[in-house]
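> Got a structure for you, data-v6.csv, holding CSV, C-alpha atoms and all ligand atoms.
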chain,number,residue,atom,x,y,z
W,1,MET,CA,49.3,-88.1,92.8
W,2,THR,CA,52.0,-90.5,91.8
W,3,LYS,CA,51.5,-90.1,88.0
W,4,LYS,CA,54.6,-92.3,87.3
W,5,ILE,CA,53.0,-95.6,88.2
W,6,ILE,CA,49.8,-94.9,86.3
W,7,LYS,CA,49.6,-96.8,83.0
W,8,GLY,CA,45.9,-96.6,82.1
W,9,PHE,CA,43.8,-93.8,80.8
W,10,SER,CA,40.9,-94.4,83.2
W,11,SER,CA,43.3,-94.5,86.2
W,12,LEU,CA,44.6,-91.1,85.1
W,13,ALA,CA,41.1,-89.8,84.6
W,14,ILE,CA,40.3,-90.8,88.2
W,15,HIS,CA,43.5,-89.8,90.0
W,16,GLY,CA,45.1,-87.3,87.6
W,17,GLY,CA,45.3,-83.7,88.8
W,18,HIS,CA,44.3,-84.5,92.4
W,19,GLN,CA,46.2,-83.0,95.3
W,20,GLN,CA,45.8,-84.0,98.9
W,21,ASP,CA,43.4,-81.6,100.5
W,22,PRO,CA,45.0,-79.7,103.5
W,23,LEU,CA,42.0,-80.8,105.6
W,24,TYR,CA,42.1,-84.4,104.2
W,25,ALA,CA,38.8,-84.2,102.3
W,26,HIS,CA,38.6,-87.3,100.0
W,27,LEU,CA,37.5,-85.1,97.1
W,28,THR,CA,38.7,-81.6,96.4
W,29,PRO,CA,36.0,-79.4,97.9
W,30,ILE,CA,34.2,-76.7,96.1
W,31,TYR,CA,36.4,-73.7,97.1
W,32,ALA,CA,33.6,-71.1,96.9
W,33,SER,CA,35.7,-68.1,97.7
W,34,SER,CA,36.2,-65.1,95.5
W,35,THR,CA,39.5,-64.1,97.2
W,36,PHE,CA,42.4,-65.6,99.2
W,37,VAL,CA,44.1,-64.2,102.3
W,38,TYR,CA,47.7,-63.5,103.4
W,39,ASP,CA,49.4,-64.2,106.7
W,40,GLU,CA,51.2,-61.0,106.4
W,41,ALA,CA,51.7,-58.1,103.9
W,42,GLU,CA,55.0,-59.6,102.7
W,43,GLN,CA,53.2,-62.8,101.7
W,44,GLY,CA,50.9,-60.7,99.5
W,45,MET,CA,53.9,-59.1,97.9
W,46,ARG,CA,55.5,-62.5,97.2
W,47,ARG,CA,52.3,-63.9,95.7
W,48,PHE,CA,51.6,-60.8,93.5
W,49,SER,CA,55.2,-60.8,92.2
W,50,GLY,CA,55.0,-64.6,91.5
W,51,LYS,CA,57.8,-65.4,94.0
W,52,GLU,CA,55.4,-67.6,95.9
W,53,ASP,CA,52.8,-70.0,94.6
W,54,GLY,CA,49.3,-69.4,95.9
W,55,TYR,CA,45.9,-68.3,95.0
W,56,ILE,CA,45.0,-64.6,94.9
W,57,TYR,CA,41.6,-64.1,93.3
W,58,SER,CA,39.3,-66.6,91.7
W,59,ARG,CA,39.1,-64.9,88.3
W,60,TRP,CA,42.8,-65.6,88.2
W,61,GLY,CA,42.7,-69.1,89.6
W,62,ASN,CA,40.9,-71.4,92.0
W,63,PRO,CA,41.9,-74.7,93.7
W,64,THR,CA,38.8,-76.6,92.4
W,65,SER,CA,39.2,-75.2,88.9
W,66,ASN,CA,42.9,-76.0,89.1
W,67,GLU,CA,42.2,-79.7,89.7
W,68,ALA,CA,40.0,-79.8,86.6
W,69,GLU,CA,42.7,-78.1,84.6
W,70,MET,CA,45.4,-80.5,85.7
W,71,LYS,CA,43.1,-83.5,84.9
W,72,ILE,CA,42.3,-82.3,81.3
W,73,ALA,CA,46.0,-81.5,80.7
W,74,ALA,CA,47.0,-85.0,82.0
W,75,LEU,CA,44.4,-86.7,79.7
W,76,GLU,CA,45.4,-84.7,76.5
W,77,THR,CA,49.1,-85.6,77.0
W,78,PHE,CA,48.5,-89.2,78.2
W,79,GLY,CA,51.1,-91.5,76.7
W,80,ILE,CA,52.7,-88.8,74.4
W,81,GLU,CA,56.4,-88.2,74.4
W,82,LYS,CA,58.4,-85.4,73.0
W,83,ASP,CA,62.2,-85.5,72.8
W,84,GLY,CA,62.2,-88.7,74.9
W,85,ARG,CA,60.2,-87.0,77.8
W,86,PRO,CA,56.5,-87.0,78.6
W,87,LEU,CA,54.8,-84.2,76.8
W,88,GLU,CA,53.6,-81.4,79.1
W,89,ALA,CA,50.6,-79.1,78.5
W,90,LYS,CA,48.9,-76.4,80.5
W,91,ALA,CA,45.1,-76.1,80.5
W,92,ILE,CA,43.1,-73.1,81.5
W,93,LEU,CA,39.5,-73.7,82.5
W,94,HIS,CA,36.9,-71.2,81.2
W,95,ALA,CA,33.2,-70.4,81.8
W,96,SER,CA,32.3,-72.0,78.4
W,97,GLY,CA,33.8,-73.4,75.2
W,98,MET,CA,33.3,-70.1,73.6
W,99,ALA,CA,35.2,-68.3,76.3
W,100,ALA,CA,38.2,-70.7,75.8
W,101,ILE,CA,38.0,-70.1,72.0
W,102,SER,CA,38.0,-66.3,72.7
W,103,THR,CA,41.1,-66.5,74.8
W,104,LEU,CA,42.8,-68.5,72.1
W,105,PHE,CA,42.0,-66.1,69.3
W,106,ILE,CA,42.6,-62.9,71.3
W,107,SER,CA,45.9,-64.1,72.7
W,108,THR,CA,47.4,-65.3,69.4
W,109,LEU,CA,46.1,-63.0,66.7
W,110,LYS,CA,46.3,-59.3,65.9
W,111,ARG,CA,44.9,-57.0,63.3
W,112,GLY,CA,45.9,-58.0,59.8
W,113,ASP,CA,46.3,-61.7,60.7
W,114,LYS,CA,44.1,-64.2,59.0
W,115,ILE,CA,42.8,-67.6,60.1
W,116,LEU,CA,42.6,-70.5,57.7
W,117,SER,CA,39.7,-72.8,58.6
W,118,HIS,CA,37.0,-75.0,57.0
W,119,PHE,CA,33.2,-75.0,56.5
W,120,SER,CA,32.1,-77.5,59.1
W,121,LEU,CA,32.7,-75.5,62.3
W,122,TYR,CA,30.6,-75.2,65.4
W,123,GLY,CA,28.1,-72.5,64.8
W,124,GLY,CA,29.3,-70.2,67.6
W,125,THR,CA,32.9,-70.4,66.3
W,126,HIS,CA,31.8,-69.5,62.8
W,127,ASP,CA,29.8,-66.6,64.3
W,128,TYR,CA,32.9,-65.5,66.3
W,129,LEU,CA,35.1,-65.4,63.1
W,130,ARG,CA,32.5,-63.4,61.2
W,131,SER,CA,31.0,-61.1,63.8
W,132,ILE,CA,33.8,-60.5,66.3
W,133,LEU,CA,37.1,-61.1,64.6
W,134,GLU,CA,36.3,-59.7,61.1
W,135,PRO,CA,35.3,-56.2,62.4
W,136,LEU,CA,38.6,-56.3,64.4
W,137,GLY,CA,40.6,-56.7,61.1
W,138,ILE,CA,41.2,-60.5,61.5
W,139,GLU,CA,39.8,-62.2,58.5
W,140,PRO,CA,38.8,-65.9,58.1
W,141,VAL,CA,39.9,-67.8,55.0
W,142,ILE,CA,37.5,-70.7,54.6
W,143,ALA,CA,38.3,-73.7,52.4
W,144,ASP,CA,37.7,-77.4,52.3
W,145,LEU,CA,40.7,-78.5,54.2
W,146,ARG,CA,40.1,-82.2,53.4
W,147,ASP,CA,41.8,-81.2,50.2
W,148,LEU,CA,45.4,-80.9,51.2
W,149,GLU,CA,46.5,-79.4,47.9
W,150,LEU,CA,44.0,-76.6,48.3
W,151,ALA,CA,45.2,-76.1,51.9
W,152,GLU,CA,48.7,-75.7,50.7
W,153,LYS,CA,47.6,-73.3,48.0
W,154,CYS,CA,45.9,-71.1,50.6
W,155,LEU,CA,48.9,-71.0,52.8
W,156,LYS,CA,51.2,-70.2,49.9
W,157,ALA,CA,48.9,-67.5,48.5
W,158,ASP,CA,48.4,-65.6,51.7
W,159,PRO,CA,51.4,-65.0,54.0
W,160,SER,CA,49.1,-63.1,56.5
W,161,ILE,CA,47.5,-66.4,57.5
W,162,ARG,CA,48.7,-66.8,61.1
W,163,MET,CA,46.7,-69.7,62.4
W,164,VAL,CA,45.1,-72.9,61.0
W,165,TYR,CA,42.0,-73.6,63.0
W,166,LEU,CA,40.5,-77.1,62.8
W,167,GLU,CA,37.5,-79.0,64.2
W,168,THR,CA,37.3,-82.8,63.7
W,169,PRO,CA,34.9,-84.5,63.5
W,170,ALA,CA,32.4,-81.7,63.0
W,171,ASN,CA,28.7,-81.1,62.5
W,172,PRO,CA,26.5,-81.7,60.7
W,173,THR,CA,27.9,-84.4,58.4
W,174,ILE,CA,30.7,-85.5,60.8
W,175,GLN,CA,33.4,-84.4,58.4
W,176,CYS,CA,37.0,-85.0,59.5
W,177,VAL,CA,40.2,-83.3,58.6
W,178,ASP,CA,43.7,-84.9,58.7
W,179,LEU,CA,45.4,-83.5,61.8
W,180,GLN,CA,48.9,-84.8,61.1
W,181,ALA,CA,48.9,-83.7,57.5
W,182,LEU,CA,47.6,-80.2,58.2
W,183,SER,CA,49.8,-79.6,61.2
W,184,THR,CA,52.9,-80.7,59.2
W,185,LEU,CA,51.8,-78.4,56.4
W,186,ALA,CA,51.2,-75.5,58.8
W,187,LYS,CA,54.6,-75.9,60.4
W,188,GLN,CA,56.2,-75.9,57.0
W,189,TYR,CA,54.8,-72.4,56.4
W,190,GLY,CA,55.4,-71.2,60.0
W,191,LYS,CA,51.8,-71.2,61.1
W,192,ILE,CA,50.3,-72.1,64.5
W,193,THR,CA,47.6,-74.7,64.7
W,194,ALA,CA,44.6,-75.2,66.9
W,195,CYS,CA,42.0,-78.0,67.1
W,196,ASP,CA,38.5,-78.1,68.7
W,197,ASN,CA,38.5,-81.6,70.3
W,198,THR,CA,35.0,-81.5,71.8
W,199,PHE,CA,33.4,-84.3,69.8
W,200,SER,CA,36.3,-86.7,70.3
W,201,THR,CA,37.6,-86.0,73.9
W,202,PRO,CA,41.2,-87.0,74.6
W,203,TYR,CA,40.0,-90.6,75.0
W,204,LEU,CA,39.3,-90.9,71.3
W,205,GLN,CA,41.8,-88.4,69.8
W,206,GLN,CA,44.8,-86.5,71.1
W,207,PRO,CA,45.6,-83.6,68.7
W,208,PHE,CA,48.9,-83.0,70.5
W,209,ARG,CA,50.0,-86.4,69.2
W,210,TYR,CA,49.8,-85.0,65.7
W,211,GLY,CA,51.7,-81.8,66.4
W,212,ILE,CA,48.8,-79.5,67.0
W,213,ASP,CA,49.8,-76.5,69.1
W,214,PHE,CA,46.5,-75.6,70.9
W,215,ILE,CA,43.4,-77.6,71.8
W,216,VAL,CA,40.0,-76.1,72.8
W,217,HIS,CA,37.2,-78.0,74.4
W,218,SER,CA,33.6,-77.3,75.3
W,219,THR,CA,33.7,-79.3,78.5
W,220,THR,CA,29.9,-78.9,78.5
W,221,LYS,CA,29.7,-82.0,76.3
W,222,PHE,CA,31.3,-85.4,76.8
W,223,LEU,CA,33.9,-84.3,79.4
W,224,ASN,CA,31.3,-83.2,81.9
W,225,GLY,CA,29.1,-85.9,80.4
W,226,HIS,CA,25.9,-85.3,82.4
W,227,GLY,CA,24.7,-82.0,81.0
W,228,THR,CA,25.1,-80.2,84.4
W,229,ALA,CA,27.4,-77.3,83.6
W,230,ILE,CA,28.7,-75.1,80.8
W,231,GLY,CA,32.5,-75.0,80.6
W,232,GLY,CA,35.5,-74.8,78.3
W,233,ALA,CA,39.2,-75.3,78.3
W,234,LEU,CA,42.2,-74.0,76.4
W,235,LEU,CA,45.3,-76.1,76.3
W,236,GLY,CA,48.8,-75.5,74.9
W,237,THR,CA,52.2,-77.2,74.9
W,238,ASP,CA,54.1,-73.9,74.6
W,239,LEU,CA,54.3,-73.6,78.4
W,240,GLU,CA,56.0,-70.2,78.3
W,241,PHE,CA,53.2,-68.8,76.1
W,242,MET,CA,50.5,-70.4,78.2
W,243,HIS,CA,51.9,-69.0,81.5
W,244,THR,CA,52.3,-65.5,80.1
W,245,ARG,CA,50.3,-64.2,77.2
W,246,ALA,CA,47.5,-66.9,77.4
W,247,THR,CA,47.1,-66.6,81.1
W,248,LYS,CA,47.2,-62.8,80.9
W,249,THR,CA,44.5,-62.7,78.3
W,250,PHE,CA,42.3,-65.2,80.2
W,251,ARG,CA,42.6,-63.1,83.4
W,252,VAL,CA,41.8,-59.8,81.7
W,253,LEU,CA,39.0,-61.1,79.5
W,254,GLY,CA,37.4,-62.6,82.6
W,255,GLY,CA,35.9,-65.7,81.1
W,256,SER,CA,36.8,-67.8,84.2
W,257,SER,CA,34.8,-70.8,85.3
W,258,ASN,CA,33.5,-71.3,88.9
W,259,PRO,CA,34.3,-73.9,91.5
W,260,PHE,CA,30.9,-75.5,91.5
W,261,ASP,CA,31.0,-76.1,87.7
W,262,ALA,CA,34.6,-77.2,88.0
W,263,PHE,CA,33.6,-79.8,90.7
W,264,LEU,CA,30.9,-81.2,88.4
W,265,LEU,CA,33.4,-81.4,85.6
W,266,ILE,CA,35.9,-83.3,87.7
W,267,THR,CA,33.3,-85.8,88.8
W,268,GLY,CA,32.2,-86.3,85.1
W,269,MET,CA,35.7,-86.7,83.8
W,270,ARG,CA,36.5,-89.6,86.3
W,271,THR,CA,34.1,-91.8,84.3
W,272,LEU,CA,35.1,-90.6,80.8
W,273,GLU,CA,36.6,-93.9,79.5
W,274,VAL,CA,33.7,-96.2,80.6
W,275,ARG,CA,31.2,-93.7,79.3
W,276,MET,CA,32.9,-93.3,76.0
W,277,ASP,CA,33.3,-97.0,75.5
W,278,ARG,CA,29.5,-97.4,75.9
W,279,HIS,CA,28.7,-94.2,73.9
W,280,CYS,CA,30.8,-95.6,71.0
W,281,ALA,CA,29.6,-99.2,71.1
W,282,ASN,CA,26.0,-97.9,71.1
W,283,ALA,CA,26.7,-95.5,68.2
W,284,GLN,CA,28.2,-98.2,66.1
W,285,GLU,CA,25.1,-100.3,66.5
W,286,VAL,CA,22.7,-97.4,65.9
W,287,ALA,CA,24.6,-96.5,62.7
W,288,GLY,CA,24.4,-100.1,61.4
W,289,PHE,CA,20.7,-100.2,62.2
W,290,LEU,CA,19.8,-96.9,60.6
W,291,ASP,CA,22.0,-97.6,57.5
W,292,LYS,CA,19.7,-100.5,56.7
W,293,HIS,CA,16.4,-98.8,57.6
W,294,PRO,CA,14.1,-98.1,54.6
W,295,ALA,CA,13.0,-94.7,55.9
W,296,VAL,CA,16.6,-93.5,56.1
W,297,GLY,CA,18.4,-92.0,53.1
W,298,ARG,CA,21.9,-91.5,54.4
W,299,VAL,CA,23.8,-92.1,57.6
W,300,ASN,CA,26.7,-89.7,58.3
W,301,TYR,CA,28.9,-91.6,60.7
W,302,ASN,CA,32.6,-91.9,60.1
W,303,GLY,CA,32.5,-95.5,61.5
W,304,LEU,CA,30.7,-96.6,58.3
W,305,PRO,CA,33.0,-97.4,55.4
W,306,SER,CA,30.7,-95.4,53.2
W,307,HIS,CA,31.6,-92.1,55.0
W,308,PRO,CA,34.0,-90.1,52.9
W,309,ASP,CA,36.3,-89.4,55.9
W,310,HIS,CA,36.2,-93.0,57.2
W,311,ALA,CA,40.0,-93.5,56.6
W,312,VAL,CA,41.1,-90.2,58.2
W,313,ALA,CA,38.9,-90.9,61.2
W,314,ALA,CA,40.3,-94.5,61.5
W,315,LYS,CA,43.9,-93.1,61.3
W,316,GLN,CA,43.6,-90.5,64.1
W,317,MET,CA,40.8,-91.7,66.3
W,318,LYS,CA,40.7,-94.6,68.7
W,319,HIS,CA,37.0,-95.1,67.7
W,320,PRO,CA,34.7,-93.0,65.4
W,321,GLY,CA,32.8,-91.6,68.4
W,322,ALA,CA,29.1,-91.2,69.3
W,323,MET,CA,28.0,-88.3,67.0
W,324,MET,CA,26.1,-88.9,63.8
W,325,SER,CA,23.4,-87.5,61.6
W,326,VAL,CA,20.9,-89.1,59.3
W,327,GLU,CA,18.8,-87.9,56.4
W,328,LEU,CA,15.2,-89.0,56.5
W,329,LYS,CA,13.8,-89.8,53.0
W,330,GLY,CA,10.6,-87.9,53.8
W,331,GLY,CA,12.3,-84.5,54.2
W,332,PHE,CA,11.1,-81.7,56.6
W,333,ASP,CA,7.7,-83.3,57.5
W,334,ALA,CA,9.2,-86.6,58.2
W,335,GLY,CA,11.8,-84.9,60.4
W,336,VAL,CA,9.1,-83.2,62.5
W,337,ALA,CA,7.0,-86.3,62.7
W,338,PHE,CA,10.0,-88.4,63.8
W,339,MET,CA,10.9,-86.0,66.5
W,340,ASN,CA,7.4,-85.9,67.8
W,341,ARG,CA,7.1,-89.7,68.0
W,342,LEU,CA,10.2,-90.2,70.1
W,343,GLN,CA,9.3,-91.7,73.5
W,344,MET,CA,12.6,-92.2,75.4
W,345,CYS,CA,15.3,-90.3,73.5
W,346,THR,CA,15.5,-86.6,74.3
W,347,ARG,CA,14.5,-83.9,71.9
W,348,THR,CA,17.2,-81.2,72.4
W,349,VAL,CA,20.3,-79.6,71.0
W,350,SER,CA,23.8,-80.1,72.7
W,351,LEU,CA,25.5,-83.4,73.0
W,352,GLY,CA,27.6,-85.7,75.1
W,353,THR,CA,25.2,-86.5,77.9
W,354,CYS,CA,24.1,-90.0,79.2
W,355,ASP,CA,20.8,-89.9,77.3
W,356,THR,CA,20.5,-90.0,73.5
W,357,LEU,CA,19.9,-86.5,72.3
W,358,LEU,CA,18.2,-85.8,68.9
W,359,SER,CA,17.6,-82.6,67.1
W,360,HIS,CA,16.1,-81.6,63.8
W,361,PRO,CA,18.1,-78.5,62.7
W,362,ALA,CA,15.7,-77.5,59.9
W,363,SER,CA,12.9,-77.0,62.4
W,364,MET,CA,15.0,-76.1,65.4
W,365,THR,CA,18.5,-74.5,65.4
W,366,HIS,CA,18.3,-73.5,61.8
W,367,TYR,CA,14.6,-72.8,61.4
W,368,SER,CA,15.2,-69.1,60.8
W,369,VAL,CA,18.1,-69.6,58.5
W,370,PRO,CA,17.1,-69.3,54.8
W,371,ARG,CA,16.9,-72.8,53.2
W,372,GLU,CA,19.6,-72.1,50.5
W,373,ASN,CA,22.0,-71.0,53.3
W,374,ARG,CA,21.5,-74.0,55.5
W,375,LEU,CA,21.7,-76.4,52.5
W,376,GLN,CA,25.2,-75.0,51.9
W,377,TYR,CA,26.2,-76.3,55.3
W,378,GLY,CA,24.7,-79.7,54.6
W,379,ILE,CA,21.6,-79.1,56.8
W,380,THR,CA,19.0,-80.7,54.6
W,381,ASP,CA,15.2,-80.7,55.3
W,382,GLY,CA,15.2,-84.2,56.8
W,383,LEU,CA,18.5,-84.1,58.6
W,384,ILE,CA,18.4,-85.4,62.2
W,385,ARG,CA,21.4,-84.9,64.4
W,386,MET,CA,22.2,-87.6,67.1
W,387,SER,CA,24.4,-87.8,70.1
W,388,ILE,CA,24.1,-91.4,71.1
W,389,GLY,CA,23.8,-92.0,74.8
W,390,ILE,CA,24.7,-94.8,77.2
W,391,GLU,CA,21.2,-96.2,77.7
W,392,ASN,CA,20.7,-100.0,76.9
W,393,ILE,CA,21.1,-100.4,73.2
W,394,GLU,CA,17.8,-102.4,72.8
W,395,ASP,CA,15.9,-99.4,74.2
W,396,ILE,CA,17.6,-96.9,71.9
W,397,LEU,CA,17.0,-99.0,68.8
W,398,GLU,CA,13.4,-99.7,69.7
W,399,ASP,CA,12.6,-96.0,70.2
W,400,LEU,CA,14.2,-95.0,66.9
W,401,ASP,CA,12.5,-97.9,65.1
W,402,GLN,CA,9.0,-97.0,66.4
W,403,ALA,CA,9.6,-93.3,65.7
W,404,LEU,CA,10.6,-94.0,62.1
W,405,SER,CA,7.7,-96.2,61.3
K,1,LIG,C1,29.2,-76.7,72.2
K,1,LIG,C2,30.4,-76.5,71.4
K,1,LIG,C3,31.2,-75.4,71.5
K,1,LIG,C4,30.9,-74.2,72.4
K,1,LIG,O1,30.9,-74.5,73.7
K,1,LIG,P1,30.1,-73.8,74.9
K,1,LIG,O2,30.5,-74.6,76.1
K,1,LIG,O3,28.6,-74.0,74.5
K,1,LIG,O4,30.5,-72.4,74.9
K,1,LIG,C5,32.4,-75.3,70.7
K,1,LIG,N1,32.7,-76.3,69.9
K,1,LIG,C6,32.0,-77.4,69.8
K,1,LIG,C7,32.4,-78.5,68.8
K,1,LIG,C8,30.8,-77.6,70.5
K,1,LIG,O5,30.0,-78.7,70.4
Can you dump the structure from the file as structure tokens?
Ligand SMILES: *Cc1c(COP(=O)(O)O)cnc(C)c1O


Amino acid sequence: MTKKIIKGFSSLAIHGGHQQDPLYAHLTPIYASSTFVYDEAEQGMRRFSGKEDGYIYSRWGNPTSNEAEMKIAALETFGIEKDGRPLEAKAILHASGMAAISTLFISTLKRGDKILSHFSLYGGTHDYLRSILEPLGIEPVIADLRDLELAEKCLKADPSIRMVYLETPANPTIQCVDLQALSTLAKQYGKITACDNTFSTPYLQQPFRYGIDFIVHSTTKFLNGHGTAIGGALLGTDLEFMHTRATKTFRVLGGSSNPFDAFLLITGMRTLEVRMDRHCANAQEVAGFLDKHPAVGRVNYNGLPSHPDHAVAAKQMKHPGAMMSVELKGGFDAGVAFMNRLQMCTRTVSLGTCDTLLSHPASMTHYSVPRENRLQYGITDGLIRMSIGIENIEDILEDLDQALS
């Protein structure tokens, strides 16, 4: 792939990471092989000692997975320069977003370290901090990191904080944190930074541009784009660390992806820009429509000037994205009735697929969570979460309108 002549994001999404197949297949095949063979014993020696490039065992690396890794790394560094040269990153493909997050935490933290993070985190990540890391002696410090003075106070007060972990925008109210400001602050205090970029994708937001050290993705969402596979990625710009400690941790923890899912991901990523443009245009229309609807109390969408993080989102994102939530005035019952009346949009959790996905956390994901607890996280009785799809906008609006009436 002649990356040099490529100027556009979509061209890179289509061609980036591709290597000519030795048998001249147009697309990189699904290399469904657990292990790889040697011409002679000496070749095995050279591969195991790292003197010769080549695959050894698919938990360690696989050609199909490798193409997905190269593509994600190309997109997350697209157009970014550091010291006058194109920024380089290494990506490691995982079996899920959670597996990538696990490799990140386990490879960078040790007993006694703390993680500074915020309230609006993906549920699984929050659970990981509380049920996996805390018993290992790695404590989370949770604060509202939209307040930069508070963030600095936390960093100053506790020298054992090792990492600042961010997710922006995030569920359920699409809160955003300032990547540039927080990464600058973290650097000042000698901390490493990581960002979950799942909601934005590199098309809308590139955390490396703002000095973030690590990026994690659930590729299950917009990157795959079709809801066909679970997957995740860990990326870093410290190539030395990524090739040693991070790779080691990944290989030993064993959260590797598989060539079939990697193939689906590669296919999905090729259309990322055109899908995202449509997702975003539709979301802007839906937000405007719901904002004026009499049955809707509040629309949480950072593309609306009324959203508290509108300015931060506008500063660091190309477009506010396709995720939003709305509060129905009628509370819990209105939420259930609305979900039941939907005719085209899909009732489900998850996000980032071609169809518009709606969920009612109070009756679904958070049904068994005590009401006071979920209210703390902004999950009110009538909150509906939406991942706006790429259907024709008139059909989305009509379905929402009839379900609201
Ligand atoms: C889904 C999701 C994850 C977890 O990813 P899996 O692929 O389900 O393991 C992490 N972060 C965010 C923001 C997500 O939406």

> Select, from W:Trp60, W:Tyr165, W:Phe48, W:Tyr203, the residue with the minimum atom-to-atom distance to W:Thr247, counting all atoms listed in the file.

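Checking each of W:Trp60, W:Tyr165, W:Phe48, W:Tyr203 against W:Thr247, counting all atoms listed in the file, the winner is W:Trp60.
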
> Anything within 12 Å of (55.4, -75.7, 57.5): list those residues as a list in words, counting only C-alpha atoms and sticking to the file's coordinates.

Ala151, Glu152, Leu155, Lys156, Pro159, Arg162, Met163, Val164, Gln180, Ala181, Leu182, Ser183, Thr184, Leu185, Ala186, Lys187, Gln188, Tyr189, Gly190, Lys191, Ile192, Thr193 and Gly211 of chain W

> Residues of stretch 10-103 of chain W that have any atom at most 7 Å from an atom of stretch 268-286 of chain W: could you tabulate them with the shortest-distance atom pair and the distance in Å to one decimal, using all atoms listed in the file, ordered by chain and increasing number, as CSV?


residue,atom,partner,partner_atom,distance
W:Ser10,CA,W:Glu273,CA,5.7
W:Ala13,CA,W:Arg270,CA,4.9
W:Ile14,CA,W:Arg270,CA,4.4

> Ranking W:Leu358, W:Ile384, W:Ile379, W:Leu223 by minimum distance to W:Pro202 and counting all atoms listed in the file, which one comes first?

W:Leu223

> Taking all atoms listed in the file into account, which residues have an atom no farther than 6 Å from ligand LIG 1 (chain K)? I'd like them as a ChimeraX atom specification.

/W:96-98,122,198-199,218,220,230-232

> Which residue, W:Met339, W:Ala170, W:Cys195, W:Ala233, has the smallest gap to W:Met70 when you use only C-alpha atoms?

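Once distances to W:Met70 are computed over only C-alpha atoms, the minimum belongs to W:Ala233.
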
> Could you tell me how far atom CA of W:Asp381 lies from atom CA of W:Val296, in Å and to one decimal?

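Taking atom CA of W:Asp381 as the start and atom CA of W:Val296 as the end point, the length is 12.9 Å.
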